[in-house]
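Just below is one structure, and these are the notes that go with it.
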Amino acid sequence: MSTLAGRILPHPILTLFLTVVWILLQNDFSAGMAVFGLILGIIIPAVTAAWWPDRPRGIKLGKFMLYFFLVVWDIIVANVQVAWIVLTRPNSKLRPCWVVVPLELRTPEAIAILAGTITLTPGTVTADLSSEGHSLLVHALDAESPDEVRDQIKDRYERRLKEIFA
Amino acid sequence: MTATSIGEFAIIACLLFGALFSVVGAIGLVKFDNPMTRLHAPTKVGTLGVGSLLLAAVLHAWVYGDGSMHQLLIVVFLFVTAPISANFIAKVSIHHKTCETPPPPAKDKTWATLDTPE
């Protein structure tokens with residue numbers, strides 16, 4: 001049963017995602033379009049399954065949605081903060097610094113989401129990954145100390161991602 | 001106060017918000033003085049600016065005539081691709097040594113960008 005479902009739907013989240021993208025692309029919701037989207041969503045993952053060597057294991061969708069809203073909120077707050085820094089802080093008073101974030105996450109998907117989150121939120125940009133993938137290099141626009149930024153990233157985002165990809 | 005005029009005010013608010021943040025992003029790009037700090041202005045302020053302009057477009061489509069969700073796709077692709085271009089610009093400035101040299105990573109030998117055969 002599980003192997004049959006696994007063969008037809010090797011990648012259920014991708015199937016759902018492709019269907020939704022197809023419906024949005026059509027910009028016109030009708031049953032026929034939804035069914036065609038679903039067919040594409042089943043065929044594309046099945047055809048490309050051979051190129052997914054380490055298929056991501058299940059994620060906790062409920063926690064992921066909470067994480068998504070947290071990130072959207074942080075993006076809005078961060079934008080106001082960065083805009084304020086841009087408009088009011090002279091360049092000489094900025095305290096940019098490099099931050100090294102040691103990673104506990106091991107799955108590539110989780111690390112990619114963490115890196116994207118860091119780039120989209122408060123005055124931080126992900127610059128690089130270490131050669132073996134055990135740390136992230138982050139550049140902070142204005143930080144009192146690198147340790148504070150590192151602890152905030154680890155506590156606010158990495159801890160939640162670890163639960164999502166557990 | 002009809003539904004349409006409430007919608008109009010929401011559209012205006014989104015447009016102004018988006019325009020404001022886009023301008024701030026552009027100012028930041030001009031104002032900052034080194035490549036790494038300069039990277040911060042467009043990646044964040046720009047995404048929210050464009051995001052709320054597109055939100056205004058969605059609202060406009062819903063208030064006048066038939067609804068449209070196309071713009072949501074643009075927002076999604078923008079938010080997925082912005083970190084990647086920021087990452088590549090950062091890699092280039094590490095390579096060209098136009099920024100301070102980053103500290104070594106905690107466990108591994110070096111950063112992936114600098115891990116090149118001599």
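Residues in the structure tokens are named by chain (A, B, ... in the order shown) and by number from 1 within that chain; ligands are numbered from 1 in the order shown.
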
Please report, as JSON, numbers by chain, each residue of segment 18-109 of chain A to which DSSP assigns alpha helix (DSSP H) when run on this structure's backbone.
{"A": [18, 19, 20, 21, 22, 23, 24, 25, 26, 31, 32, 33, 34, 35, 36, 37, 38, 39, 40, 41, 42, 43, 44, 45, 46, 47, 48, 61, 62, 63, 64, 65, 66, 67, 68, 69, 70, 71, 72, 73, 74, 75, 76, 77, 78, 79, 80, 81, 82, 83, 84, 85, 86, 87, 88, 108, 109]}

Excluding segment 84-86 of chain B and residues on its chain fewer than 3 positions from it, collect all residues at most 8 Å away from it, counting only C-alpha atoms, and give them as a PyMOL selection string.
(chain A and resi 116+119+125-127) or (chain B and resi 39+43+80-81+89-90)

Would you save the residues from that selection as a JSON list (two decimals), in the first residue's frame, using N, CA and C atoms?
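Saved result, result.json, follows:
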```json
[["chain", "number", "residue", "atom", "x", "y", "z"],
["A", 116, "GLY", "N", 17.53, 31.28, 3.17],
["A", 116, "GLY", "CA", 16.60, 32.22, 2.54],
["A", 116, "GLY", "C", 15.95, 33.11, 3.58],
["A", 119, "THR", "N", 18.31, 35.83, 4.73],
["A", 119, "THR", "CA", 18.47, 36.91, 3.76],
["A", 119, "THR", "C", 17.26, 37.84, 3.74],
["A", 125, "VAL", "N", 22.30, 39.09, 5.68],
["A", 125, "VAL", "CA", 22.34, 38.44, 4.38],
["A", 125, "VAL", "C", 23.20, 37.19, 4.50],
["A", 126, "THR", "N", 22.72, 36.06, 3.98],
["A", 126, "THR", "CA", 23.53, 34.85, 3.97],
["A", 126, "THR", "C", 24.54, 34.98, 2.85],
["A", 127, "ALA", "N", 25.82, 34.85, 3.19],
["A", 127, "ALA", "CA", 26.85, 35.05, 2.17],
["A", 127, "ALA", "C", 27.43, 33.73, 1.68],
["B", 39, "LEU", "N", 24.40, 45.63, -0.26],
["B", 39, "LEU", "CA", 23.56, 44.48, -0.60],
["B", 39, "LEU", "C", 22.28, 44.45, 0.24],
["B", 43, "THR", "N", 17.87, 43.97, -1.16],
["B", 43, "THR", "CA", 17.32, 42.63, -0.91],
["B", 43, "THR", "C", 16.13, 42.67, 0.01],
["B", 80, "VAL", "N", 11.61, 33.81, -3.55],
["B", 80, "VAL", "CA", 12.48, 32.64, -3.64],
["B", 80, "VAL", "C", 13.80, 33.01, -4.33],
["B", 81, "THR", "N", 13.75, 33.91, -5.32],
["B", 81, "THR", "CA", 14.97, 34.20, -6.08],
["B", 81, "THR", "C", 15.83, 35.31, -5.48],
["B", 89, "ILE", "N", 25.96, 37.71, -5.28],
["B", 89, "ILE", "CA", 26.69, 38.97, -5.18],
["B", 89, "ILE", "C", 27.67, 38.91, -4.01],
["B", 90, "ALA", "N", 27.21, 38.34, -2.89],
["B", 90, "ALA", "CA", 28.08, 38.20, -1.72],
["B", 90, "ALA", "C", 29.28, 37.33, -2.05]]
```

For each of A:Met65, A:Leu114, A:Pro108, A:Trp98, take the minimum atom-to-atom distance to Val138 of chain A, counting only C-alpha atoms, then give the residue where this is smallest.
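Between A:Met65, A:Leu114, A:Pro108, A:Trp98, the residue approaching Val138 of chain A most closely is A:Trp98.
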
Quick check: residues of chain B within 6 Å of chain A, only C-alpha atoms, returned as a list in words.
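The contacting residues on chain B are Gly28, Thr37, Lys44, Val45, His70, Pro83, Asn87, Ala90, Thr110, Trp111 and Ala112 of chain B.
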
So that I can see what lies close to Ile11 of chain B, please list as a list of chain:residue names the residues with an atom at most 8 Å from it, counting only C-alpha atoms and leaving out residues fewer than 2 positions away in the same chain.
B:Gly7, B:Glu8, B:Phe9, B:Ala13, B:Cys14, B:Leu15, B:Ala56, B:Ala57, B:Leu59, B:His60

Pairwise distance for atom CA of Val92 of chain B and atom CA of Leu114 of chain B, rounded to one decimal in Å
10.5 Å

Extract the full set of strand (DSSP E or B) residues from chain A according to DSSP on the backbone, and format it as a PyMOL selection string.
chain A and resi 97-102+124-130+135-140

Taking 4 positions as the minimum chain separation for residues in the same chain, which residues sit within 6 Å of segment 17-23 of chain B when counting only C-alpha atoms? Answer as a PyMOL selection string.
chain B and resi 45-46+49+52-53

From atom CA of Met69 of chain B to atom CA of Leu54 of chain B the spacing works out at 10.0 Å
